[in-house]
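J.: Got a file for you: input37.cif, mmCIF, C-alpha atoms.
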```cif
data_coords
#
loop_
_atom_site.group_PDB
_atom_site.id
_atom_site.type_symbol
_atom_site.label_atom_id
_atom_site.label_comp_id
_atom_site.auth_asym_id
_atom_site.auth_seq_id
_atom_site.Cartn_x
_atom_site.Cartn_y
_atom_site.Cartn_z
ATOM 1 C CA MET A 167 62.782 91.622 115.169
ATOM 2 C CA ASP A 168 65.217 93.977 113.474
ATOM 3 C CA GLN A 169 63.431 97.202 112.537
ATOM 4 C CA GLU A 170 64.889 96.951 109.049
ATOM 5 C CA GLU A 171 62.717 93.871 108.474
ATOM 6 C CA MET A 172 59.487 95.596 109.490
ATOM 7 C CA PRO A 173 57.901 97.849 106.839
ATOM 8 C CA VAL A 174 55.921 99.778 109.476
ATOM 9 C CA ALA A 175 59.105 100.758 111.347
ATOM 10 C CA LYS A 176 59.926 103.573 108.917
ATOM 11 C CA TYR A 177 56.588 105.273 109.679
ATOM 12 C CA THR A 178 56.827 104.908 113.481
ATOM 13 C CA VAL A 179 58.598 107.466 115.682
ATOM 14 C CA GLN A 180 59.418 107.767 119.349
ATOM 15 C CA LEU A 181 58.527 111.054 121.043
ATOM 16 C CA TYR A 182 60.842 112.602 123.645
ATOM 17 C CA TYR A 183 60.237 115.294 126.240
ATOM 18 C CA HIS A 184 62.958 117.934 125.853
ATOM 19 C CA PRO A 185 61.630 121.362 126.873
ATOM 20 C CA LEU A 186 63.211 124.759 126.332
ATOM 21 C CA LYS A 187 63.511 127.163 129.224
ATOM 22 C CA LYS A 188 64.391 130.843 129.252
ATOM 23 C CA ASP A 189 67.451 132.064 131.116
ATOM 24 C CA GLY A 190 67.277 135.816 130.723
ATOM 25 C CA GLN A 191 67.552 136.450 126.996
ATOM 26 C CA ILE A 192 69.130 133.051 126.294
ATOM 27 C CA ARG A 193 67.157 129.920 125.572
ATOM 28 C CA ILE A 194 68.867 126.873 127.024
ATOM 29 C CA GLU A 195 67.812 123.316 126.273
ATOM 30 C CA ILE A 196 67.337 121.105 129.311
ATOM 31 C CA PRO A 197 69.798 118.215 128.795
ATOM 32 C CA HIS A 198 68.913 114.595 128.195
ATOM 33 C CA PRO A 199 65.656 114.037 126.299
ATOM 34 C CA VAL A 200 63.269 111.671 128.075
ATOM 35 C CA GLN A 201 61.269 109.107 126.094
ATOM 36 C CA MET A 202 57.513 109.454 126.524
ATOM 37 C CA ALA A 203 55.311 108.088 123.695
ATOM 38 C CA SER A 204 55.043 106.773 120.138
ATOM 39 C CA GLY A 205 53.586 108.236 116.953
ATOM 40 C CA VAL A 206 52.954 107.468 113.272
ATOM 41 C CA LEU A 207 53.939 109.690 110.352
ATOM 42 C CA ILE A 208 51.259 109.852 107.652
ATOM 43 C CA LYS A 209 50.649 111.709 104.418
ATOM 44 C CA ASN A 210 47.433 112.947 102.805
ATOM 45 C CA GLY A 211 47.764 114.489 99.370
ATOM 46 C CA GLN A 212 50.741 116.838 99.668
ATOM 47 C CA ASN A 213 50.272 117.332 103.418
ATOM 48 C CA HIS A 214 52.327 115.632 106.114
ATOM 49 C CA PHE A 215 51.208 114.790 109.643
ATOM 50 C CA LEU A 216 52.192 113.204 112.913
ATOM 51 C CA LEU A 217 49.441 111.138 114.516
ATOM 52 C CA THR A 218 49.676 110.370 118.224
ATOM 53 C CA CYS A 219 47.656 110.498 121.455
ATOM 54 C CA LYS A 220 45.959 113.537 122.947
ATOM 55 C CA HIS A 221 47.119 112.731 126.482
ATOM 56 C CA VAL A 222 50.754 113.112 125.397
ATOM 57 C CA PHE A 223 50.205 116.879 125.622
ATOM 58 C CA ASP A 224 48.686 116.956 129.106
ATOM 59 C CA ASN A 225 50.222 119.925 130.952
ATOM 60 C CA ILE A 226 53.046 120.421 128.435
ATOM 61 C CA SER A 227 53.536 122.469 125.290
ATOM 62 C CA PRO A 228 53.810 120.635 121.944
ATOM 63 C CA GLN A 229 57.097 122.488 121.457
ATOM 64 C CA ASP A 230 58.487 120.608 124.460
ATOM 65 C CA ILE A 231 58.453 117.405 122.396
ATOM 66 C CA ILE A 232 61.058 116.288 119.873
ATOM 67 C CA ILE A 233 61.623 113.421 117.438
ATOM 68 C CA LEU A 234 65.242 112.326 117.123
ATOM 69 C CA THR A 235 66.579 111.812 113.623
ATOM 70 C CA GLU A 236 70.318 111.303 113.334
ATOM 71 C CA GLU A 237 72.704 111.632 116.274
ATOM 72 C CA GLY A 238 72.684 115.224 117.457
ATOM 73 C CA PHE A 239 69.690 116.189 115.313
ATOM 74 C CA ALA A 240 66.022 116.386 116.200
ATOM 75 C CA VAL A 241 62.721 117.827 115.017
ATOM 76 C CA ARG A 242 60.806 119.901 117.539
ATOM 77 C CA LEU A 243 57.022 119.779 117.150
ATOM 78 C CA PRO A 244 55.144 122.920 116.084
ATOM 79 C CA ARG A 245 53.008 124.875 118.514
ATOM 80 C CA ASP A 246 49.672 124.184 116.824
ATOM 81 C CA VAL A 247 48.095 120.749 117.181
ATOM 82 C CA HIS A 248 44.622 119.498 116.329
ATOM 83 C CA PHE A 249 42.853 117.379 118.944
ATOM 84 C CA ILE A 250 40.303 115.008 117.440
ATOM 85 C CA ASP A 251 37.140 115.659 119.484
ATOM 86 C CA LYS A 252 38.809 117.479 122.348
ATOM 87 C CA ASN A 253 36.007 116.819 124.842
ATOM 88 C CA SER A 254 35.524 113.090 124.277
ATOM 89 C CA ASN A 255 36.968 110.692 126.842
ATOM 90 C CA SER A 256 36.869 107.756 124.431
ATOM 91 C CA ILE A 257 38.831 109.592 121.702
ATOM 92 C CA ASP A 258 42.488 110.191 122.475
ATOM 93 C CA LEU A 259 43.958 111.346 119.170
ATOM 94 C CA THR A 260 46.011 114.327 118.023
ATOM 95 C CA LEU A 261 46.824 115.246 114.432
ATOM 96 C CA ILE A 262 49.805 117.551 113.921
ATOM 97 C CA ARG A 263 50.512 119.089 110.554
ATOM 98 C CA LEU A 264 54.198 119.222 109.628
ATOM 99 C CA SER A 265 55.807 121.222 106.853
ATOM 100 C CA GLY A 266 59.008 122.718 105.473
ATOM 101 C CA ALA A 267 62.271 121.934 107.238
ATOM 102 C CA ARG A 268 60.562 119.608 109.722
ATOM 103 C CA VAL A 269 59.399 117.311 106.926
ATOM 104 C CA MET A 270 62.769 117.371 105.177
ATOM 105 C CA GLU A 271 64.624 116.481 108.384
ATOM 106 C CA LEU A 272 62.214 113.672 109.251
ATOM 107 C CA LYS A 273 62.570 112.216 105.765
ATOM 108 C CA SER A 274 66.305 111.830 106.400
ATOM 109 C CA ARG A 275 65.441 108.894 108.649
ATOM 110 C CA TYR A 276 61.724 108.091 108.330
ATOM 111 C CA SER A 277 58.959 107.930 105.734
ATOM 112 C CA PHE A 278 55.375 109.192 105.691
ATOM 113 C CA LEU A 279 52.688 106.550 105.260
ATOM 114 C CA PRO A 280 50.791 107.110 101.967
ATOM 115 C CA GLY A 281 47.088 107.873 102.263
ATOM 116 C CA LYS A 282 46.220 104.682 100.363
ATOM 117 C CA CYS A 283 47.553 102.692 103.344
ATOM 118 C CA LEU A 284 45.140 104.279 105.823
ATOM 119 C CA GLY A 285 42.516 101.642 106.556
ATOM 120 C CA PHE A 286 39.393 103.797 106.576
ATOM 121 C CA ASN A 287 36.121 101.844 106.955
ATOM 122 C CA HIS A 288 38.035 98.773 108.085
ATOM 123 C CA LYS A 289 35.807 96.103 109.618
ATOM 124 C CA PHE A 290 37.546 94.662 112.646
ATOM 125 C CA ASP A 291 37.264 90.879 112.637
ATOM 126 C CA GLU A 292 38.314 88.322 115.230
ATOM 127 C CA GLU A 293 39.597 86.109 112.405
ATOM 128 C CA LEU A 294 42.154 88.715 111.295
ATOM 129 C CA TRP A 295 45.611 89.286 112.708
ATOM 130 C CA TYR A 296 46.592 92.743 113.929
ATOM 131 C CA MET A 297 49.992 94.068 114.877
ATOM 132 C CA LEU A 298 50.593 96.574 117.656
ATOM 133 C CA TYR A 299 53.821 98.432 116.994
ATOM 134 C CA GLY A 300 55.599 101.208 118.880
ATOM 135 C CA PHE A 301 58.158 101.985 121.559
ATOM 136 C CA ILE A 302 58.146 101.067 125.236
ATOM 137 C CA ASN A 303 59.958 103.645 127.351
ATOM 138 C CA LYS A 304 61.966 101.142 129.374
ATOM 139 C CA LYS A 305 63.279 99.518 126.193
ATOM 140 C CA THR A 306 65.038 102.742 125.201
ATOM 141 C CA THR A 307 68.312 103.262 127.052
ATOM 142 C CA ARG A 308 70.885 106.025 126.927
ATOM 143 C CA LYS A 309 74.646 105.594 126.816
ATOM 144 C CA SER A 310 76.649 108.798 126.845
ATOM 145 C CA LYS A 311 74.909 110.963 124.210
ATOM 146 C CA GLU A 312 73.442 108.105 122.196
ATOM 147 C CA PHE A 313 70.083 106.360 122.627
ATOM 148 C CA GLN A 314 69.786 102.618 122.143
ATOM 149 C CA VAL A 315 66.258 102.277 120.780
ATOM 150 C CA GLU A 316 64.355 99.007 120.530
ATOM 151 C CA SER A 317 60.836 98.909 119.111
ATOM 152 C CA PHE A 318 58.205 96.361 120.085
ATOM 153 C CA GLY A 319 55.747 94.635 117.758
ATOM 154 C CA TYR A 320 53.071 92.203 118.876
ATOM 155 C CA LEU A 321 50.726 90.121 116.718
ATOM 156 C CA THR A 322 47.277 89.636 118.195
ATOM 157 C CA ASN A 323 43.522 89.401 117.613
ATOM 158 C CA THR A 324 40.567 91.511 118.669
ATOM 159 C CA ARG A 325 38.995 90.817 122.038
ATOM 160 C CA LYS A 326 35.546 92.066 122.987
ATOM 161 C CA TYR A 327 35.019 93.365 126.504
ATOM 162 C CA LYS A 328 31.363 93.412 127.585
ATOM 163 C CA LYS A 329 31.739 96.228 130.119
ATOM 164 C CA ILE A 330 33.618 98.576 127.796
ATOM 165 C CA GLU A 331 31.286 101.511 128.548
ATOM 166 C CA LYS A 332 31.877 101.197 132.288
ATOM 167 C CA ILE A 333 35.569 101.968 131.837
ATOM 168 C CA GLY A 334 34.906 105.030 129.682
ATOM 169 C CA PHE A 335 35.102 103.658 126.123
ATOM 170 C CA CYS A 336 32.690 102.664 123.357
ATOM 171 C CA TYR A 337 33.024 100.424 120.339
ATOM 172 C CA ASP A 338 31.918 103.205 117.985
ATOM 173 C CA ASN A 339 35.283 104.866 118.618
ATOM 174 C CA ASN A 340 37.410 102.176 120.223
ATOM 175 C CA ILE A 341 38.827 98.753 119.520
ATOM 176 C CA THR A 342 40.143 96.275 122.091
ATOM 177 C CA LEU A 343 42.875 93.779 121.238
ATOM 178 C CA GLU A 344 44.200 90.902 123.285
ATOM 179 C CA TYR A 345 47.458 91.339 125.166
ATOM 180 C CA ASN A 346 48.691 88.301 127.100
ATOM 181 C CA ARG A 347 52.019 88.640 128.901
ATOM 182 C CA ARG A 348 52.359 84.868 129.065
ATOM 183 C CA LYS A 349 51.941 84.413 125.321
ATOM 184 C CA GLN A 350 54.560 86.756 123.945
ATOM 185 C CA GLY A 351 56.223 85.462 120.825
ATOM 186 C CA TYR A 352 58.665 86.242 118.065
ATOM 187 C CA PHE A 353 57.841 86.826 114.425
ATOM 188 C CA GLU A 354 60.512 84.359 113.303
ATOM 189 C CA ASN A 355 59.303 81.374 115.335
ATOM 190 C CA ASP A 356 56.755 80.145 117.879
ATOM 191 C CA ARG A 357 59.008 80.399 120.941
ATOM 192 C CA SER A 358 57.173 82.093 123.807
ATOM 193 C CA SER A 359 58.539 84.475 126.389
ATOM 194 C CA PHE A 360 57.212 86.418 129.361
ATOM 195 C CA GLY A 361 56.071 89.816 128.144
ATOM 196 C CA PHE A 362 56.207 93.374 129.406
ATOM 197 C CA LYS A 363 54.264 94.403 132.475
ATOM 198 C CA GLU A 364 54.948 98.088 131.860
ATOM 199 C CA LEU A 365 53.805 99.425 128.472
ATOM 200 C CA LYS A 366 54.294 103.168 128.981
ATOM 201 C CA GLY A 367 55.463 104.759 125.762
ATOM 202 C CA TRP A 368 53.496 102.364 123.549
ATOM 203 C CA SER A 369 50.605 104.857 123.391
ATOM 204 C CA GLY A 370 50.469 106.521 119.988
ATOM 205 C CA GLY A 371 51.838 103.463 118.228
ATOM 206 C CA GLY A 372 49.982 101.993 115.282
ATOM 207 C CA ILE A 373 47.449 99.198 115.059
ATOM 208 C CA TRP A 374 48.128 97.551 111.725
ATOM 209 C CA CYS A 375 46.112 94.932 109.854
ATOM 210 C CA SER A 376 47.757 92.450 107.532
ATOM 211 C CA VAL A 377 46.641 92.810 103.923
ATOM 212 C CA GLU A 378 46.654 89.024 103.601
ATOM 213 C CA GLY A 379 44.473 88.487 106.653
ATOM 214 C CA LYS A 380 45.374 85.713 109.077
ATOM 215 C CA LYS A 381 48.937 85.079 107.908
ATOM 216 C CA LYS A 382 51.624 85.840 110.464
ATOM 217 C CA ASN A 383 54.346 85.848 107.839
ATOM 218 C CA THR A 384 52.812 88.706 105.860
ATOM 219 C CA TYR A 385 54.388 92.081 106.594
ATOM 220 C CA ASN A 386 52.213 94.287 104.379
ATOM 221 C CA TYR A 387 49.922 96.286 106.651
ATOM 222 C CA PHE A 388 47.223 98.964 106.630
ATOM 223 C CA LEU A 389 47.058 101.418 109.526
ATOM 224 C CA VAL A 390 43.647 100.811 111.097
ATOM 225 C CA GLY A 391 44.051 102.377 114.535
ATOM 226 C CA ILE A 392 46.219 103.988 117.192
ATOM 227 C CA MET A 393 46.902 102.546 120.649
ATOM 228 C CA ILE A 394 45.729 104.818 123.441
ATOM 229 C CA GLU A 395 45.636 102.809 126.689
ATOM 230 C CA GLU A 396 46.380 99.394 128.152
ATOM 231 C CA ARG A 397 44.403 97.227 130.525
ATOM 232 C CA ILE A 398 46.942 94.498 131.194
ATOM 233 C CA GLU A 399 45.080 93.315 134.282
ATOM 234 C CA ARG A 400 42.093 92.550 132.015
ATOM 235 C CA GLY A 401 44.229 91.246 129.157
ATOM 236 C CA PHE A 402 43.703 93.814 126.428
ATOM 237 C CA VAL A 403 44.934 97.030 124.820
ATOM 238 C CA VAL A 404 42.571 99.865 123.830
ATOM 239 C CA GLY A 405 42.861 101.753 120.558
ATOM 240 C CA ASN A 406 41.049 104.406 118.533
ATOM 241 C CA LYS A 407 39.865 103.614 115.025
ATOM 242 C CA ILE A 408 41.677 105.422 112.219
ATOM 243 C CA ASP A 409 38.308 106.536 110.799
ATOM 244 C CA LEU A 410 38.186 109.219 113.506
ATOM 245 C CA ILE A 411 40.798 111.343 111.705
ATOM 246 C CA GLU A 412 39.253 111.143 108.225
ATOM 247 C CA ASN A 413 37.268 114.385 108.430
ATOM 248 C CA ALA A 414 40.242 116.312 109.827
ATOM 249 C CA LEU A 415 42.472 115.065 107.007
ATOM 250 C CA ARG A 416 39.908 116.017 104.388
ATOM 251 C CA SER A 417 39.594 119.548 105.749
ATOM 252 C CA HIS A 418 43.371 120.029 105.642
ATOM 253 C CA TYR A 419 43.574 118.584 102.143
ATOM 254 C CA ARG A 420 40.739 120.751 100.813
ATOM 255 C CA CYS A 421 42.450 123.793 102.281
ATOM 256 C CA GLY A 422 45.606 122.931 100.404
ATOM 257 C CA GLN A 423 43.698 122.435 97.167
ATOM 258 C CA ASN A 424 41.894 125.776 97.527
ATOM 259 C CA ILE A 425 45.179 127.620 97.986
ATOM 260 C CA GLN A 426 46.567 126.063 94.819
ATOM 261 C CA LEU A 427 43.442 127.008 92.859
ATOM 262 C CA LEU A 428 43.645 130.565 94.158
ATOM 263 C CA LEU A 429 47.285 130.865 93.113
ATOM 264 C CA LYS A 430 46.423 129.598 89.629
ATOM 265 C CA GLU A 431 43.601 132.135 89.326
ATOM 266 C CA LEU A 432 45.858 134.985 90.456
ATOM 267 C CA HIS A 433 48.507 133.884 87.994
ATOM 268 C CA SER A 434 46.016 133.833 85.120
ATOM 269 C CA LEU A 435 44.775 137.358 85.997
ATOM 270 C CA ASN A 436 48.313 138.701 85.857
ATOM 271 C CA ARG A 437 49.143 137.236 82.472
#
```
Let me see the structure of the file written as structure tokens.

T.:
Amino acid sequence: MDQEEMPVAKYTVQLYYHPLKKDGQIRIEIPHPVQMASGVLIKNGQNHFLLTCKHVFDNISPQDIIILTEEGFAVRLPRDVHFIDKNSNSIDLTLIRLSGARVMELKSRYSFLPGKCLGFNHKFDEELWYMLYGFINKKTTRKSKEFQVESFGYLTNTRKYKKIEKIGFCYDNNITLEYNRRKQGYFENDRSSFGFKELKGWSGGGIWCSVEGKKKNTYNYFLVGIMIEERIERGFVVGNKIDLIENALRSHYRCGQNIQLLLKELHSLNR
């Protein structure tokens, strides 16, 4: 489906590895960014964030990662990132606060999902339809200096896996959704196709729930989770629930509010 027809497309970004190296006193960018993962842009109060997976930053600096905007322009991630429960194996989330010029540049191409569209306290139900949406690395190709980017969205249902703890996850933090390569479809019709065997790059993409429930034709979605791993051989995709970032968002938002109150108090004292 054309990205222009998907409301969630404007909140979804592809992350590229494009490190900087030092050559004496000159910093030279290594040519040709390499696609690596997906992410979702969200907003809480007046604060802006990128939400993606923790494992994206294994052995690399956050500043090695960029988001492409228009041709020849990109936003490089800041140095500081916040891992949601850094020591948990079942939680694979990173929240990155963005500000200033980074936000302005990203808004030239994307949007930030309003806080009211974050599906906190969502009850996952096998009767509801969910959409997995992000970028698969092999679907992004490069011609000359331009990337041909194709996103991938997949409507599905939840699927319980009895031995979830044995593979390092738990249903307090995680959600499993069915992924069947032989039952790929298109949003416009019921024609089936043979799906992707390789899903690298999809991690960090959103898990969205239709506001209207089990209606495939409804494209109004709440963000209820983030994809973190796939288990194609067992027929499902693993995600983290969006509730896991709620406390981190609140702490950032309170900080912002306190600064504003302090500025008002200082202003009143100087009058």

J.: Using the chain letters and numbers from the file, give me the residues hit by the PyMOL selection byres ((chain A and resi 409-417) around 12), as an NGL selection string.

T.: :A and (208-219 or 247-251 or 254 or 256-263 or 281 or 284-289 or 338-341 or 389-392 or 405-408 or 418-424)

J.: Written as a PyMOL selection string, which residues does the PyMOL selection byres ((chain A and resi 321) around 8) give for the file shown?

T.: chain A and resi 295-298+319-320+322-323+382

J.: Find, counting all atoms listed in the file, the residue in A:Arg325, A:Lys187, A:His221, A:Lys282 that gets nearest to A:Leu294.

T.: A:Arg325

J.: With only C-alpha atoms as the basis for distance, which of A:Ile232, A:Cys375, A:Ala267, A:Val404 is at the shortest distance from A:Ile333?

T.: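 Using only C-alpha atoms, A:Ile333 sits closest to A:Val404.
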
J.: Could you tell me how far atom CA of A:Cys283 lies from atom CA of A:Trp368, in Å and to one decimal?

T.: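 Result for atom CA of A:Cys283 versus atom CA of A:Trp368: 21.1 Å, one decimal.
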
J.: What does the distance between atom CA of A:Met270 and atom CA of A:Ser369 come to in Å, to one decimal place?

T.: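 Atom CA of A:Ser369 lies at a distance of 25.2 Å from atom CA of A:Met270.
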
J.: Determine, counting only C-alpha atoms, which protein, DNA and RNA residues have an atom within 10 Å of an atom of A:Phe402; residues of the same chain fewer than 2 positions away are not included. Present the result as a list in words.

T.: Thr322, Asn323, Thr324, Arg325, Lys326, Tyr327, Ile341, Thr342, Leu343, Glu344, Tyr345, Asn346, Glu395, Glu396, Arg397, Ile398, Glu399, Arg400, Val404 and Gly405 of chain A

J.: Can you write out the residues you just picked, keeping C-alpha atoms, as an mmCIF file, in the frame of the given file?

T.:
```cif
data_model
loop_
_atom_site.group_PDB
_atom_site.id
_atom_site.type_symbol
_atom_site.label_atom_id
_atom_site.label_comp_id
_atom_site.auth_asym_id
_atom_site.auth_seq_id
_atom_site.Cartn_x
_atom_site.Cartn_y
_atom_site.Cartn_z
ATOM 1 C CA THR A 322 47.277 89.636 118.195
ATOM 2 C CA ASN A 323 43.522 89.401 117.613
ATOM 3 C CA THR A 324 40.567 91.511 118.669
ATOM 4 C CA ARG A 325 38.995 90.817 122.038
ATOM 5 C CA LYS A 326 35.546 92.066 122.987
ATOM 6 C CA TYR A 327 35.019 93.365 126.504
ATOM 7 C CA ILE A 341 38.827 98.753 119.520
ATOM 8 C CA THR A 342 40.143 96.275 122.091
ATOM 9 C CA LEU A 343 42.875 93.779 121.238
ATOM 10 C CA GLU A 344 44.200 90.902 123.285
ATOM 11 C CA TYR A 345 47.458 91.339 125.166
ATOM 12 C CA ASN A 346 48.691 88.301 127.100
ATOM 13 C CA GLU A 395 45.636 102.809 126.689
ATOM 14 C CA GLU A 396 46.380 99.394 128.152
ATOM 15 C CA ARG A 397 44.403 97.227 130.525
ATOM 16 C CA ILE A 398 46.942 94.498 131.194
ATOM 17 C CA GLU A 399 45.080 93.315 134.282
ATOM 18 C CA ARG A 400 42.093 92.550 132.015
ATOM 19 C CA VAL A 404 42.571 99.865 123.830
ATOM 20 C CA GLY A 405 42.861 101.753 120.558
#
```

J.: Show me a table, sorted first by chain and then by increasing residue number, of the residues of stretch 221-321 of chain A having an atom at most 12 Å from stretch 171-181 of chain A, each with its shortest atom pair and the distance in Å to one decimal, counting all atoms listed in the file and written as CSV.

T.:
```
residue,atom,partner,partner_atom,distance
A:Val222,CA,A:Leu181,CA,9.1
A:Phe223,CA,A:Leu181,CA,11.1
A:Pro228,CA,A:Leu181,CA,10.7
A:Gln229,CA,A:Leu181,CA,11.5
A:Asp230,CA,A:Leu181,CA,10.1
A:Ile231,CA,A:Leu181,CA,6.5
A:Ile232,CA,A:Leu181,CA,5.9
A:Ile233,CA,A:Leu181,CA,5.3
A:Leu234,CA,A:Gln180,CA,7.7
A:Thr235,CA,A:Val179,CA,9.3
A:Ala240,CA,A:Leu181,CA,10.4
A:Val241,CA,A:Leu181,CA,10.0
A:Arg242,CA,A:Leu181,CA,9.8
A:Leu243,CA,A:Leu181,CA,9.7
A:Leu272,CA,A:Val179,CA,9.6
A:Lys273,CA,A:Lys176,CA,9.6
A:Ser274,CA,A:Lys176,CA,10.7
A:Arg275,CA,A:Lys176,CA,7.7
A:Tyr276,CA,A:Lys176,CA,4.9
A:Ser277,CA,A:Tyr177,CA,5.3
A:Phe278,CA,A:Tyr177,CA,5.7
A:Leu279,CA,A:Tyr177,CA,6.0
A:Pro280,CA,A:Tyr177,CA,9.8
A:Cys283,CA,A:Val174,CA,10.8
A:Met297,CA,A:Val174,CA,9.8
A:Leu298,CA,A:Val174,CA,10.3
A:Tyr299,CA,A:Val174,CA,7.9
A:Gly300,CA,A:Thr178,CA,6.7
A:Phe301,CA,A:Gln180,CA,6.3
A:Ile302,CA,A:Gln180,CA,9.0
A:Asn303,CA,A:Gln180,CA,9.0
A:Lys305,CA,A:Gln180,CA,11.4
A:Thr306,CA,A:Gln180,CA,9.5
A:Phe313,CA,A:Gln180,CA,11.2
A:Gln314,CA,A:Gln180,CA,11.9
A:Val315,CA,A:Gln180,CA,8.9
A:Glu316,CA,A:Gln180,CA,10.1
A:Ser317,CA,A:Ala175,CA,8.2
A:Phe318,CA,A:Ala175,CA,9.8
A:Gly319,CA,A:Met172,CA,9.1
A:Tyr320,CA,A:Met172,CA,11.9
```

J.: What is the distance between atom CA of A:Gly371 and atom CA of A:Leu207, in Å to one decimal?

T.: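 Atom CA of A:Leu207 lies 10.3 Å from atom CA of A:Gly371.
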
J.: Might you pull out every residue within 10 Å of A:Asn255, with only C-alpha atoms counted and same-chain residues fewer than 5 positions away left off, and present them as a PyMOL selection string?

T.: chain A and resi 334-336
